Every structure is written in C-alpha cells, then in structure tokens.
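Student: Dropping in query.cif, which is mmCIF, C-alpha atoms and all ligand atoms:
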data_model
loop_
_atom_site.label_atom_id
_atom_site.label_comp_id
_atom_site.auth_asym_id
_atom_site.auth_seq_id
_atom_site.Cartn_x
_atom_site.Cartn_y
_atom_site.Cartn_z
CA MET A 9 -1.89 6.16 -27.30
CA SER A 10 -0.62 4.06 -30.12
CA SER A 11 -1.89 0.59 -29.22
CA ASP A 12 -5.43 -0.77 -29.24
CA ILE A 13 -4.96 -2.33 -25.85
CA ARG A 14 -7.49 -1.08 -23.35
CA VAL A 15 -7.53 -2.32 -19.78
CA ARG A 16 -9.55 -1.18 -16.81
CA PHE A 17 -9.60 -1.12 -13.05
CA ALA A 18 -13.21 -1.45 -11.91
CA PRO A 19 -13.41 -1.12 -8.14
CA SER A 20 -16.57 -1.18 -6.14
CA PRO A 21 -16.23 1.79 -3.80
CA THR A 22 -16.10 0.10 -0.42
CA GLY A 23 -14.57 2.99 1.50
CA PHE A 24 -10.90 2.29 1.07
CA LEU A 25 -8.45 0.86 -1.40
CA HIS A 26 -7.68 -2.73 -0.49
CA ILE A 27 -4.19 -4.04 -1.10
CA GLY A 28 -5.61 -6.64 -3.49
CA GLY A 29 -7.39 -3.91 -5.45
CA ALA A 30 -4.24 -1.83 -5.47
CA ARG A 31 -2.31 -4.74 -6.93
CA THR A 32 -4.99 -5.32 -9.59
CA ALA A 33 -4.82 -1.63 -10.48
CA LEU A 34 -1.02 -1.81 -10.58
CA PHE A 35 -0.95 -4.85 -12.87
CA ASN A 36 -3.41 -3.17 -15.23
CA TRP A 37 -1.32 -0.01 -15.14
CA LEU A 38 1.87 -1.97 -15.81
CA TYR A 39 0.28 -3.77 -18.71
CA ALA A 40 -0.90 -0.48 -20.18
CA LYS A 41 2.60 0.94 -19.75
CA HIS A 42 4.20 -2.13 -21.29
CA THR A 43 1.95 -2.09 -24.36
CA GLY A 44 1.36 1.63 -24.76
CA GLY A 45 -2.30 0.91 -24.03
CA THR A 46 -5.00 2.82 -22.19
CA LEU A 47 -6.04 2.36 -18.57
CA VAL A 48 -9.68 3.09 -17.75
CA LEU A 49 -10.94 3.63 -14.21
CA ARG A 50 -14.57 2.66 -13.79
CA VAL A 51 -16.46 2.94 -10.53
CA GLU A 52 -18.78 0.00 -10.03
CA ASP A 53 -21.27 1.68 -7.74
CA THR A 54 -24.49 -0.18 -8.44
CA ASP A 55 -24.87 -0.73 -4.71
CA ARG A 56 -26.82 2.44 -4.01
CA ALA A 57 -26.65 2.17 -0.25
CA ARG A 58 -23.11 3.47 -0.13
CA ASN A 59 -21.85 6.99 -0.31
CA THR A 60 -20.08 6.70 -3.62
CA GLU A 61 -18.56 10.15 -3.70
CA GLU A 62 -16.50 9.75 -0.56
CA ALA A 63 -15.73 6.08 -1.09
CA ALA A 64 -14.57 6.72 -4.65
CA ARG A 65 -12.33 9.52 -3.41
CA ALA A 66 -10.55 7.06 -1.10
CA ILE A 67 -9.79 4.98 -4.19
CA TYR A 68 -8.50 7.92 -6.25
CA ASP A 69 -6.35 9.05 -3.34
CA GLY A 70 -4.90 5.57 -2.88
CA LEU A 71 -4.17 5.16 -6.59
CA ARG A 72 -2.62 8.61 -6.84
CA TRP A 73 -0.51 8.03 -3.76
CA LEU A 74 0.88 4.93 -5.47
CA GLY A 75 1.53 6.97 -8.59
CA LEU A 76 -1.00 4.98 -10.63
CA ASP A 77 -2.60 7.45 -12.99
CA TRP A 78 -5.46 6.47 -15.32
CA ASP A 79 -6.06 7.68 -18.85
CA GLU A 80 -9.87 7.65 -18.81
CA GLY A 81 -12.31 7.79 -15.98
CA PRO A 82 -13.41 10.09 -13.16
CA GLU A 83 -11.36 13.28 -13.06
CA ALA A 84 -9.59 12.23 -16.27
CA GLY A 85 -12.42 12.36 -18.79
CA GLY A 86 -12.69 10.21 -21.90
CA ASP A 87 -15.13 9.52 -24.74
CA LEU A 88 -16.67 6.33 -23.42
CA GLY A 89 -18.08 7.55 -20.12
CA PRO A 90 -19.83 8.14 -17.87
CA TYR A 91 -17.41 6.16 -15.73
CA PHE A 92 -19.78 5.60 -12.82
CA GLN A 93 -22.17 2.70 -13.24
CA SER A 94 -24.82 4.67 -11.39
CA GLU A 95 -24.87 7.09 -14.35
CA ARG A 96 -25.21 4.48 -17.10
CA GLU A 97 -28.83 3.46 -16.67
CA THR A 98 -29.92 4.13 -20.27
CA ILE A 99 -27.03 2.08 -21.64
CA TYR A 100 -28.07 -0.86 -19.48
CA GLN A 101 -31.67 -0.52 -20.65
CA THR A 102 -30.54 -0.65 -24.28
CA TYR A 103 -28.53 -3.79 -23.62
CA LEU A 104 -31.40 -5.38 -21.75
CA GLU A 105 -33.56 -4.82 -24.81
CA LYS A 106 -30.97 -6.54 -26.99
CA LEU A 107 -31.27 -9.61 -24.81
CA ARG A 108 -35.05 -9.40 -24.89
CA ASP A 109 -35.00 -9.22 -28.71
CA ALA A 110 -32.76 -12.26 -28.79
CA ASP A 111 -35.16 -14.03 -26.44
CA ARG A 112 -32.48 -14.55 -23.84
CA ILE A 113 -34.31 -13.13 -20.81
CA TYR A 114 -37.49 -13.76 -18.90
CA ASP A 115 -39.27 -12.31 -15.91
CA ASP A 116 -39.22 -14.27 -12.69
CA ALA A 117 -41.16 -12.84 -9.75
CA GLY A 118 -40.23 -9.30 -10.74
CA ALA A 119 -36.58 -10.11 -11.38
CA VAL A 120 -35.08 -10.47 -14.84
CA ARG A 121 -33.21 -13.65 -15.59
CA PHE A 122 -30.75 -14.44 -18.33
CA ARG A 123 -31.19 -17.77 -20.08
CA PHE A 124 -27.85 -19.58 -20.26
CA ALA A 125 -26.94 -21.55 -23.33
CA ARG A 126 -26.63 -25.11 -22.08
CA GLU A 127 -23.10 -25.83 -23.18
CA LYS A 128 -19.50 -26.13 -22.10
CA VAL A 129 -17.73 -22.82 -21.90
CA VAL A 130 -13.99 -22.67 -22.37
CA VAL A 131 -11.99 -19.85 -20.86
CA ASP A 132 -8.45 -19.47 -22.16
CA ASP A 133 -6.94 -17.42 -19.42
CA GLU A 134 -3.62 -15.66 -19.95
CA ILE A 135 -2.52 -16.72 -16.47
CA CYS A 136 -4.66 -19.66 -15.40
CA GLY A 137 -4.61 -21.41 -18.77
CA HIS A 138 -7.32 -23.42 -20.47
CA ILE A 139 -10.33 -24.03 -18.24
CA GLU A 140 -13.56 -25.72 -19.15
CA PHE A 141 -16.79 -24.89 -17.35
CA ASP A 142 -19.68 -27.23 -17.80
CA MET A 143 -22.87 -25.16 -17.91
CA THR A 144 -25.09 -27.84 -19.37
CA SER A 145 -27.00 -28.46 -16.18
CA PRO A 146 -29.63 -25.99 -14.92
CA GLU A 147 -29.31 -27.71 -11.55
CA THR A 148 -25.74 -26.59 -10.97
CA ASN A 149 -25.93 -23.45 -13.10
CA PRO A 150 -29.44 -22.02 -12.88
CA ASP A 151 -30.21 -19.11 -15.19
CA MET A 152 -28.81 -15.99 -13.61
CA THR A 153 -30.62 -12.94 -12.38
CA ILE A 154 -29.40 -9.80 -14.10
CA ARG A 155 -31.86 -7.32 -12.62
CA ARG A 156 -33.45 -7.45 -9.20
CA PRO A 157 -37.13 -6.78 -8.59
CA ASP A 158 -36.22 -3.32 -7.26
CA GLY A 159 -34.68 -2.45 -10.63
CA SER A 160 -31.06 -2.62 -9.49
CA TRP A 161 -28.56 -4.43 -11.70
CA ILE A 162 -26.55 -7.51 -10.93
CA PHE A 163 -22.78 -7.11 -11.19
CA HIS A 164 -22.24 -9.63 -14.02
CA PHE A 165 -24.52 -7.81 -16.43
CA VAL A 166 -23.31 -4.26 -15.92
CA ASN A 167 -19.70 -5.36 -15.74
CA VAL A 168 -19.90 -7.04 -19.14
CA VAL A 169 -21.95 -4.25 -20.74
CA ASP A 170 -19.40 -1.71 -19.60
CA ASP A 171 -16.45 -3.76 -20.79
CA ILE A 172 -18.07 -4.02 -24.22
CA GLU A 173 -19.00 -0.33 -24.36
CA MET A 174 -15.62 0.78 -23.09
CA LYS A 175 -13.90 -1.43 -25.68
CA ILE A 176 -11.87 -3.29 -23.08
CA SER A 177 -9.43 -5.67 -24.77
CA HIS A 178 -7.97 -7.29 -21.66
CA VAL A 179 -9.81 -8.03 -18.43
CA ILE A 180 -7.13 -8.29 -15.75
CA ARG A 181 -8.61 -8.91 -12.32
CA GLY A 182 -8.45 -11.05 -9.20
CA GLU A 183 -8.86 -14.80 -9.39
CA ASP A 184 -11.96 -14.56 -7.24
CA HIS A 185 -13.70 -13.59 -10.50
CA LEU A 186 -12.52 -16.61 -12.47
CA SER A 187 -15.64 -18.58 -11.60
CA ASN A 188 -17.78 -15.68 -12.89
CA THR A 189 -16.06 -15.66 -16.23
CA PRO A 190 -18.12 -18.38 -18.00
CA LYS A 191 -21.24 -16.35 -17.12
CA HIS A 192 -19.60 -13.31 -18.61
CA VAL A 193 -18.57 -15.21 -21.72
CA GLN A 194 -22.19 -16.23 -22.21
CA LEU A 195 -23.27 -12.60 -22.03
CA TYR A 196 -20.64 -11.52 -24.57
CA ARG A 197 -21.91 -14.18 -26.94
CA ALA A 198 -25.53 -13.24 -26.41
CA PHE A 199 -24.64 -9.66 -27.33
CA GLY A 200 -22.63 -10.84 -30.33
CA ALA A 201 -19.60 -9.01 -28.94
CA PRO A 202 -16.01 -10.19 -29.32
CA LEU A 203 -14.46 -11.66 -26.19
CA PRO A 204 -11.68 -9.79 -24.44
CA ARG A 205 -8.60 -11.65 -23.26
CA PHE A 206 -8.96 -12.67 -19.63
CA ALA A 207 -6.14 -12.67 -17.08
CA HIS A 208 -7.00 -13.70 -13.54
CA ILE A 209 -4.37 -12.85 -10.97
CA PRO A 210 -3.94 -15.39 -8.17
CA LEU A 211 -5.11 -14.33 -4.74
CA ILE A 212 -3.16 -12.69 -1.97
CA LEU A 213 -3.02 -14.88 1.12
CA ASN A 214 -1.94 -14.13 4.65
CA LYS A 215 1.21 -15.82 5.90
CA ASP A 216 -0.90 -18.54 7.51
CA GLY A 217 -2.48 -19.35 4.14
CA SER A 218 -5.87 -17.80 4.87
CA LYS A 219 -7.39 -15.48 2.33
CA MET A 220 -6.60 -11.87 3.06
CA SER A 221 -9.65 -9.97 4.20
CA LYS A 222 -10.51 -6.34 4.80
CA ARG A 223 -9.62 -6.52 8.44
CA ASP A 224 -6.20 -8.12 8.15
CA GLN A 225 -3.17 -6.08 9.05
CA GLY A 226 -1.88 -4.19 6.05
CA ALA A 227 -5.05 -4.78 4.02
CA SER A 228 -5.86 -1.12 3.52
CA ILE A 229 -3.61 1.20 1.58
CA ASN A 230 -4.17 3.71 4.39
CA THR A 231 -1.90 1.60 6.59
CA TYR A 232 0.95 2.64 4.34
CA ILE A 233 -0.11 6.21 3.72
CA ASP A 234 -0.55 6.90 7.43
CA GLY A 235 2.31 4.66 8.57
CA GLY A 236 5.10 6.60 6.92
CA TYR A 237 5.84 4.27 4.02
CA LEU A 238 7.22 5.49 0.70
CA PRO A 239 4.82 5.02 -2.21
CA GLU A 240 7.58 3.75 -4.50
CA ALA A 241 8.51 1.08 -1.95
CA VAL A 242 4.94 -0.11 -1.45
CA ARG A 243 4.42 -0.13 -5.21
CA ASN A 244 7.61 -2.16 -5.61
CA TYR A 245 6.37 -4.61 -2.97
CA LEU A 246 3.00 -4.94 -4.73
CA CYS A 247 4.82 -5.80 -7.97
CA LEU A 248 6.34 -8.78 -6.19
CA LEU A 249 2.93 -10.08 -5.11
CA GLY A 250 2.52 -12.40 -8.04
CA TRP A 251 5.27 -11.25 -10.35
CA SER A 252 9.04 -11.21 -10.19
CA PRO A 253 11.99 -10.47 -12.44
CA LYS A 254 13.75 -13.70 -13.26
CA ASP A 255 16.86 -12.90 -11.28
CA ASN A 256 15.34 -12.80 -7.76
CA ARG A 257 15.91 -9.09 -7.32
CA GLU A 258 13.49 -7.52 -4.88
CA LYS A 259 14.24 -3.83 -5.25
CA ILE A 260 13.44 -2.91 -8.81
CA GLU A 261 12.58 0.38 -10.48
CA ILE A 262 9.04 0.70 -11.75
CA GLU A 263 10.19 1.70 -15.25
CA GLU A 264 12.04 -1.57 -15.49
CA VAL A 265 9.04 -3.55 -14.24
CA GLY A 266 6.98 -1.82 -16.94
CA ARG A 267 9.47 -2.96 -19.57
CA LEU A 268 9.56 -6.56 -18.35
CA PHE A 269 5.90 -6.99 -17.43
CA GLU A 270 3.94 -9.60 -19.37
CA LEU A 271 0.68 -11.27 -18.39
CA GLY A 272 2.08 -14.73 -19.07
CA LYS A 273 4.79 -14.10 -16.50
CA ILE A 274 2.36 -13.56 -13.64
CA HIS A 275 2.72 -16.46 -11.23
CA ARG A 276 0.01 -19.07 -11.17
CA LYS A 277 0.28 -19.77 -7.47
CA ASN A 278 -1.21 -17.55 -4.82
CA ALA A 279 0.91 -14.73 -3.45
CA SER A 280 1.83 -14.63 0.21
CA PHE A 281 1.49 -11.26 1.91
CA ASP A 282 4.31 -10.32 4.25
CA LEU A 283 4.09 -6.90 5.87
CA ASP A 284 7.56 -7.30 7.40
CA LYS A 285 9.03 -7.76 3.96
CA CYS A 286 7.24 -4.68 2.70
CA THR A 287 8.61 -2.76 5.69
CA TRP A 288 12.10 -4.10 5.06
CA LEU A 289 11.91 -3.03 1.42
CA ASN A 290 10.75 0.40 2.54
CA GLY A 291 13.86 0.66 4.70
CA GLU A 292 15.98 -0.04 1.62
CA TYR A 293 14.29 2.83 -0.18
CA VAL A 294 14.62 5.16 2.81
CA ARG A 295 18.34 4.47 2.92
CA GLU A 296 18.69 5.66 -0.65
CA LEU A 297 16.56 8.78 -0.43
CA SER A 298 18.18 12.03 -1.44
CA ASP A 299 19.06 14.21 1.55
CA ASP A 300 16.40 16.75 0.66
CA ARG A 301 13.57 14.26 0.35
CA PHE A 302 14.70 12.45 3.48
CA HIS A 303 14.64 15.70 5.43
CA ASP A 304 11.27 16.73 4.03
CA LEU A 305 9.63 13.44 4.90
CA ALA A 306 11.32 13.31 8.30
CA ARG A 307 10.07 16.81 9.12
CA GLN A 308 6.56 15.85 8.06
CA ALA A 309 6.64 12.71 10.23
CA LEU A 310 7.82 14.68 13.27
CA GLU A 311 5.27 17.43 12.76
CA LYS A 312 2.52 14.87 12.34
CA ALA A 313 3.55 13.48 15.73
CA GLY A 314 2.94 16.93 17.25
CA ILE A 315 6.53 18.14 17.35
CA ASP A 316 6.91 21.85 16.58
CA LEU A 317 10.14 22.08 14.63
CA GLY A 318 9.74 25.84 14.24
CA LYS A 319 11.31 26.24 17.68
CA PHE A 320 14.63 24.80 16.49
CA SER A 321 17.22 26.15 14.11
CA PRO A 322 17.35 24.50 10.67
CA ASP A 323 20.94 23.47 11.34
CA TYR A 324 19.96 21.78 14.57
CA VAL A 325 17.09 19.89 12.93
CA ARG A 326 19.25 18.84 10.01
CA ALA A 327 22.09 17.61 12.23
CA ALA A 328 19.66 15.72 14.46
CA LEU A 329 17.95 14.03 11.51
CA GLU A 330 21.30 13.13 9.99
CA THR A 331 21.98 10.84 12.97
CA CYS A 332 18.67 9.03 12.39
CA LYS A 333 19.17 8.29 8.71
CA GLY A 334 19.41 4.58 7.96
CA LYS A 335 18.23 3.74 11.48
CA PHE A 336 14.55 3.17 10.76
CA LYS A 337 12.50 1.52 8.03
CA ILE A 338 9.31 3.58 8.02
CA PHE A 339 8.87 7.22 8.92
CA SER A 340 6.38 6.52 11.70
CA GLU A 341 9.34 5.00 13.59
CA LEU A 342 11.17 8.31 13.55
CA PRO A 343 9.28 10.23 16.28
CA PRO A 344 9.91 7.55 18.93
CA TYR A 345 13.49 7.14 17.68
CA GLY A 346 14.61 10.74 17.39
CA GLY A 347 11.88 12.73 19.14
CA PHE A 348 14.14 13.31 22.16
CA TYR A 349 16.02 15.93 20.17
CA PHE A 350 12.94 18.11 20.25
CA SER A 351 11.50 17.64 23.71
CA ASP A 352 12.97 17.81 27.20
CA GLU A 353 9.88 16.34 28.82
CA PHE A 354 10.14 12.78 27.48
CA GLU A 355 9.31 9.73 29.57
CA TYR A 356 12.07 7.29 30.47
CA ASN A 357 11.83 3.74 29.19
CA ALA A 358 10.53 1.73 32.17
CA GLU A 359 12.77 -1.27 31.66
CA GLY A 360 15.75 1.03 31.33
CA VAL A 361 14.84 2.82 34.54
CA ALA A 362 14.68 -0.48 36.45
CA LYS A 363 18.05 -1.49 35.07
CA HIS A 364 20.06 1.73 34.91
CA PHE A 365 18.56 4.28 37.31
CA VAL A 366 19.72 2.26 40.31
CA SER A 367 21.46 3.71 43.35
CA GLU A 368 25.00 2.63 42.41
CA ASN A 369 24.62 4.56 39.13
CA LYS A 370 23.72 7.86 40.78
CA PRO A 371 27.31 8.80 41.73
CA ARG A 372 28.45 7.53 38.32
CA LEU A 373 26.02 9.76 36.48
CA LEU A 374 27.09 12.65 38.68
CA SER A 375 30.67 11.99 37.66
CA VAL A 376 29.70 11.93 34.00
CA ARG A 377 28.00 15.28 34.51
CA GLU A 378 31.17 16.66 36.05
CA ALA A 379 33.29 15.30 33.22
CA PHE A 380 30.97 16.76 30.57
CA ALA A 381 30.75 20.10 32.36
CA ALA A 382 34.51 20.37 32.08
CA VAL A 383 34.57 19.76 28.30
CA GLU A 384 35.28 23.08 26.60
CA ASN A 385 34.77 22.14 22.99
CA PHE A 386 31.62 20.03 23.23
CA ASP A 387 32.15 17.70 20.27
CA ALA A 388 31.77 13.95 19.90
CA ALA A 389 35.49 13.15 20.08
CA ASN A 390 36.04 15.20 23.23
CA LEU A 391 32.92 13.79 24.88
CA GLU A 392 34.00 10.25 24.13
CA ALA A 393 37.45 10.94 25.58
CA ALA A 394 35.93 12.55 28.69
CA LEU A 395 33.55 9.69 29.34
CA LYS A 396 36.24 7.07 28.84
CA ALA A 397 38.67 8.88 31.11
CA MET A 398 35.99 9.06 33.78
CA ALA A 399 35.28 5.32 33.44
CA ALA A 400 39.01 4.59 33.91
CA GLN A 401 39.19 6.91 36.90
CA LEU A 402 36.18 5.18 38.52
CA GLY A 403 37.48 1.73 37.59
CA VAL A 404 34.25 0.77 35.73
CA LYS A 405 33.57 -0.38 32.22
CA VAL A 406 32.64 2.29 29.68
CA GLY A 407 29.20 0.67 29.34
CA ALA A 408 28.48 1.29 33.01
CA LEU A 409 28.48 5.03 32.19
CA VAL A 410 27.15 4.92 28.64
CA HIS A 411 23.84 3.22 29.44
CA PRO A 412 22.63 5.48 32.26
CA THR A 413 23.85 8.51 30.30
CA ARG A 414 21.94 7.53 27.18
CA LEU A 415 18.80 6.88 29.20
CA ALA A 416 19.18 10.21 30.98
CA VAL A 417 19.52 12.31 27.83
CA THR A 418 17.18 10.44 25.46
CA GLY A 419 14.79 8.45 27.66
CA SER A 420 15.62 5.34 25.66
CA ASN A 421 18.10 2.48 25.70
CA ALA A 422 18.68 2.60 21.97
CA GLY A 423 19.15 5.40 19.50
CA PRO A 424 21.69 7.32 17.46
CA SER A 425 25.39 7.24 18.29
CA LEU A 426 25.70 8.59 21.86
CA TYR A 427 28.60 10.98 21.42
CA HIS A 428 27.11 12.49 18.28
CA LEU A 429 23.72 13.03 19.82
CA LEU A 430 25.36 14.64 22.86
CA GLU A 431 27.25 17.01 20.59
CA ILE A 432 24.07 17.95 18.75
CA LEU A 433 22.05 18.47 21.93
CA GLY A 434 24.81 20.74 23.26
CA LYS A 435 26.17 21.24 26.71
CA ASP A 436 23.26 23.09 28.32
CA LYS A 437 20.66 20.54 27.34
CA VAL A 438 22.86 17.59 28.20
CA LEU A 439 23.64 18.87 31.68
CA ALA A 440 20.01 19.86 32.32
CA ARG A 441 18.81 16.44 31.22
CA ILE A 442 21.32 14.66 33.45
CA ASP A 443 20.11 16.82 36.37
CA ARG A 444 16.52 15.91 35.61
CA ALA A 445 17.40 12.23 35.51
CA LEU A 446 19.34 12.42 38.76
CA SER A 447 16.21 13.69 40.49
CA LYS A 448 14.41 10.47 39.46
CA PHE A 449 16.74 8.14 41.35
N1 LIG B 1 -16.28 -4.39 -9.14
C1 LIG B 1 -15.65 -5.65 -9.27
C2 LIG B 1 -14.74 -5.87 -8.06
O1 LIG B 1 -14.38 -4.91 -7.44
C3 LIG B 1 -14.85 -5.68 -10.56
C4 LIG B 1 -14.53 -7.00 -11.06
C5 LIG B 1 -13.81 -6.92 -12.38
O2 LIG B 1 -12.71 -6.38 -12.41
O3 LIG B 1 -14.38 -7.35 -13.37
O4 LIG B 1 -14.43 -6.96 -7.72
#
Translate the structure described by the file into structure tokens.

Tutor:
Amino acid sequence: MSSDIRVRFAPSPTGFLHIGGARTALFNWLYAKHTGGTLVLRVEDTDRARNTEEAARAIYDGLRWLGLDWDEGPEAGGDLGPYFQSERETIYQTYLEKLRDADRIYDDAGAVRFRFAREKVVVDDEICGHIEFDMTSPETNPDMTIRRPDGSWIFHFVNVVDDIEMKISHVIRGEDHLSNTPKHVQLYRAFGAPLPRFAHIPLILNKDGSKMSKRDQGASINTYIDGGYLPEAVRNYLCLLGWSPKDNREKIEIEEVGRLFELGKIHRKNASFDLDKCTWLNGEYVRELSDDRFHDLARQALEKAGIDLGKFSPDYVRAALETCKGKFKIFSELPPYGGFYFSDEFEYNAEGVAKHFVSENKPRLLSVREAFAAVENFDAANLEAALKAMAAQLGVKVGALVHPTRLAVTGSNAGPSLYHLLEILGKDKVLARIDRALSKF
C-alpha cells in the first residue's frame, strides 16, 4: 500500500451485519480504494456476554458476500493486532496508566472515571462540517466512566486506544457517533496523540422517516443473501445511500465509484432506505447477467426451493430458464415463477380457479386439448396457430382459451410466454396437465 491512509470498520458483533454497518464498511472500503489506503477490520467485542466467534463470523460472511475485503484484521493478519478487543487487555492497561500518570483519572465506587478538560471542543468533520461542543459544564458533561467496577472497558476508551495503536488516519462511521466525538477528542489529547480526521455518515432512515432499527425489513444483510439478491446490486444500492455520482445515474460499476468517491461528497442529509428500489436495481443487474451466471444462480435458487433438477435434461432446464430471464428481479422469485416446469403436482392459483375453471370453460379446454393433440410438430408457432384456429371455430376470443390453458399447465395466471412454455413442456406433459385440470372442474 502506497498511501498512509488507514481506515477501519469496527463492528460490535451483534449476530448479523446490519445494513447501516455494511454501508459504513463499504464507505471505508471505497475510501481505501480511492486513496490506495489500508482497511482494518477490528472486532469491538468488549461485551463479554455474547458469543463473539459466531457473531463475528456473520460479519465476515456479510462483508465477503458484498465483496468487501479488508487488508488487516481477523483472518487477514497484520502487524498491529490483535484485532479483537477482548485480546487487547494489556494494551488497555498501559493506556490507563498513561492517564493515571497524567492525573486524568480517578476511582469512583470501583469504577474508573476520566477527568474532562473543561473547555469547548471543536470537531471539524469531513462531512458534517465545523461543530463546537461545549464541555465546560460538569452538569451537562460529567466526567466519563472508562472502566466499570467489574473491570470491563467502556467503548469510548478502547475505541480511541485502538484507533491510536492501529494508526487510524480517518475515522469514518455512522452519525450516531458524532456526539461521542468530543469525548474521543479529549482522550486523544490526554494521550498526546494526533487527531484522526473524522467523517460521520448521516443515518439511514426508513421511508416514514423513522430511524432504521434491527428489526426493520431489509435491515440485515441476510435478507439479501437468502433472498436471492446479487451482491454487486446490493453493494451498488448501498453506495447510493448517502452518496451519488453527479449525473443521477443509479446503476454504476464499483470501480467507477471507487474512482469518484470522496468524503466531502457524502451527502449531509439522512439517507432514505427503499427496499423496492434495491430490488428494482437488482432486476437491472439480473437482466445483464451473462447466460452462464444467470443459469448457475437460477439453478441454485431452484435447488434451494427443493426442486431436483437432476431429473431433467440440461437442454430442458436451459430452455425453461431462458423463458424466465428478465421476468423477475430477485432469484427468490424464480421458483414460484418458473417452478411449474419441474413439477406436475403444483397447486392452482385460487383466484384463477374461481375465474377460469368454470363450467363453460370445460368444453373449451377439452377442445384445446384436441387441437394440441393434433399438432404434429409441437412448436410455439404451430401451437399458437392451433389455439387461434380453435378459438375461431368455437367463436370465442383467443383469451377465452389462453387463460384456462395457462392455468391448467402452470397453475398460475401469469408467467412466461404461453406458446413457448408449451413447446418446452412438450406434448405429453401438456396433455397430461390439461387432463389433470379437467378433473378439477
Ligand atoms: N463498535 C462501534 C459500533 O459498532 C464502532 C464505532 C466506531 O466506528 O468508532 O458502533
């Protein structure tokens, strides 16, 4: 790495990677990419009650899924570790002694408190600008606890010690930490350490303006991993949560974002989270997937839904999937959309049954069966001609035959182009499925 810029992502392992954390990690990663700097991953696990190992793994998995690699940290190594706060006890002790020598701490009922300098603290934030915090009054800013009576450390202390020790040049994190920053600045000064640059990223809000919490829809990265989203699409969407290229483009390659990304260009207003927009963007990426990747991901999605593709010829699977391309936005939509190709035992859509499996349609569907049975070369063009000729013969609109036929062979009212899907299913399956449907009338 050529530059001296060192940034870090410092999650507390809460069990999953939150979308806000993922965006903080992404912005740090982008800044490191833009400047040729180093990204450190540090696990802030001073809360001993949690199972760090497993919870940290959820964070690595989420970051890796998004393609956000780190240069130093767990599973990457580095000279300034350990990268788990739970393993840095002696370092914290040394720093506590520094404060004791400088007469900046005192004991208070077993806890250790840090004596604030009674002054105004100015934070020049790369995003939020120049902010003054008045810390002159002990009433509003009482001296802060840095170690609890049980010996455990308070976040502010260990966070600052680690940033000093890990030579962090830029602290890029969520705006919820802005109000902590004057406390941190006081610690830096007490240690005689140079201040890093601070950049606080505005919050992510729900559409209704409320602050996004753990339980909100789309808050966990697992929603996207399990829901059949593409990592590059989700990462693209996260870029737009507080940053944008000047020209209003929404779909933008990550390499280009890395080139354009500057802290000063991060928006100052809160970002509004819109899962539908993320899903829409995903659809744009799905549309442009290479055939091979599309087929791989489609196969995975179907197999995950319990469909055994091994029973079907590769040509059949490929032709079936071809008719689904561009028709869905996320891969979890594929099994309900195209699953009928791989199962004869599907349920019929209830609304469709009420509308189309009605007595007047029974003879019509029988006629369609007859017409299809007579088609020698079972391809889309011939099937279309046969169905249309039958509609003319019966004196009904084409739709009067199309809808019950589609429901009979797919179980659904919507799906891929009817004549193409009939061709792919083939004559035997189509006739058998019409027979099965006829028995439901
Ligand atoms: N562990 C803190 C958090 O997850 C880190 C804050 C920071 O980045 O300084 O909020």

Student: Show me which residues are within 7 Å of ligand LIG 1 (chain B) counting all atoms listed in the file, and format the list as a PyMOL selection string.

Tutor: chain A and resi 17-20+52+167+179-181+185

Student: Which polymer residues have any atom within 7 Å of an atom of Asn36 (chain A), counting all atoms listed in the file, with same-chain residues fewer than 2 positions away left out, as a PDB file with C-alpha atoms, in the frame of the given file?

Tutor:
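Written output follows (part38.pdb):
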ATOM      1  CA  VAL A  15      -7.530  -2.320 -19.780  1.00  0.00           C
ATOM      2  CA  ARG A  16      -9.550  -1.180 -16.810  1.00  0.00           C
ATOM      3  CA  PHE A  17      -9.600  -1.120 -13.050  1.00  0.00           C
ATOM      4  CA  THR A  32      -4.990  -5.320  -9.590  1.00  0.00           C
ATOM      5  CA  ALA A  33      -4.820  -1.630 -10.480  1.00  0.00           C
ATOM      6  CA  LEU A  34      -1.020  -1.810 -10.580  1.00  0.00           C
ATOM      7  CA  LEU A  38       1.870  -1.970 -15.810  1.00  0.00           C
ATOM      8  CA  TYR A  39       0.280  -3.770 -18.710  1.00  0.00           C
ATOM      9  CA  ALA A  40      -0.900  -0.480 -20.180  1.00  0.00           C
ATOM     10  CA  LEU A  47      -6.040   2.360 -18.570  1.00  0.00           C
ATOM     11  CA  ILE A 180      -7.130  -8.290 -15.750  1.00  0.00           C
TER      12      ILE A 180
END

Student: Calculated over all atoms listed in the file, which of the candidates A:Ala201, A:Ala388, A:Ile172, A:Ala408 has the smallest distance to Arg372 (chain A)?

Tutor: A:Ala408

Student: Restrict the calculation to all atoms listed in the file, then for each residue of region 156-266 of chain A with any atom at most 10 Å from an atom of region 82-94 of chain A give the closest atom pair and their distance in Å to one decimal, rows by chain and rising residue number, as CSV.

Tutor:
residue,atom,partner,partner_atom,distance
A:Ser160,CA,A:Ser94,CA,9.8
A:Trp161,CA,A:Gln93,CA,9.7
A:Val166,CA,A:Gln93,CA,7.5
A:Asn167,CA,A:Gln93,CA,8.8
A:Asp170,CA,A:Gln93,CA,8.2
A:Glu173,CA,A:Leu88,CA,7.1
A:Met174,CA,A:Leu88,CA,5.7
A:Lys175,CA,A:Leu88,CA,8.5

Student: Figure out the distance between CA of Leu373 (chain A) and CA of Gly423 (chain A), please, to one decimal in Å.

Tutor: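 According to the coordinates, CA of Gly423 (chain A) and CA of Leu373 (chain A) are separated by 18.8 Å.
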
Student: Go through A:Gly236, A:Gly159, A:Gly272, A:Pro344 and flag the residue nearest Gln101 (chain A), using all atoms listed in the file for the distances.

Tutor: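 That would be A:Gly159, the residue with the smallest distance to Gln101 (chain A).
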
Student: Looking at A:Gln225, A:Thr46, A:Thr413, A:Ser145, which one is nearest to Leu429 (chain A), with distances taken over only C-alpha atoms?

Tutor: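 Residue with the minimum atom-to-atom distance to Leu429 (chain A): A:Thr413.
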
Student: Using all atoms of region 251-269 of chain A that appear in the file, construct an axis-aligned enclosing box with 6 Å of padding on every side and provide its centre coordinates and edge lengths in Å, rounded to one decimal, as JSON.

Tutor:
{"center_x": 11.1, "center_y": -6.0, "center_z": -12.2, "size_x": 23.6, "size_y": 27.4, "size_z": 26.7}

Student: Have a look at A:Lys191, A:Lys277, A:Lys448, A:Arg65 and name the one nearest to Val361 (chain A); count only C-alpha atoms.

Tutor: A:Lys448

Student: For each of A:Leu107, A:Met152, A:Pro204, A:His26, take the minimum atom-to-atom distance to Ile13 (chain A), counting only C-alpha atoms, then give the residue where this is smallest.

Tutor: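 Selected residue with least distance to Ile13 (chain A): A:Pro204.
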
Student: Using only C-alpha atoms and a cutoff of 12 Å, can you tell me which residues are near (21.6, 0.9, 21.6) in the file's coordinates, and write them out as a list in words?

Tutor: Lys335, Tyr345, Gly360, Gly407, Val410, His411, Pro412, Thr413, Arg414, Leu415, Thr418, Gly419, Ser420, Asn421, Ala422, Gly423, Pro424, Ser425 and Leu426 of chain A
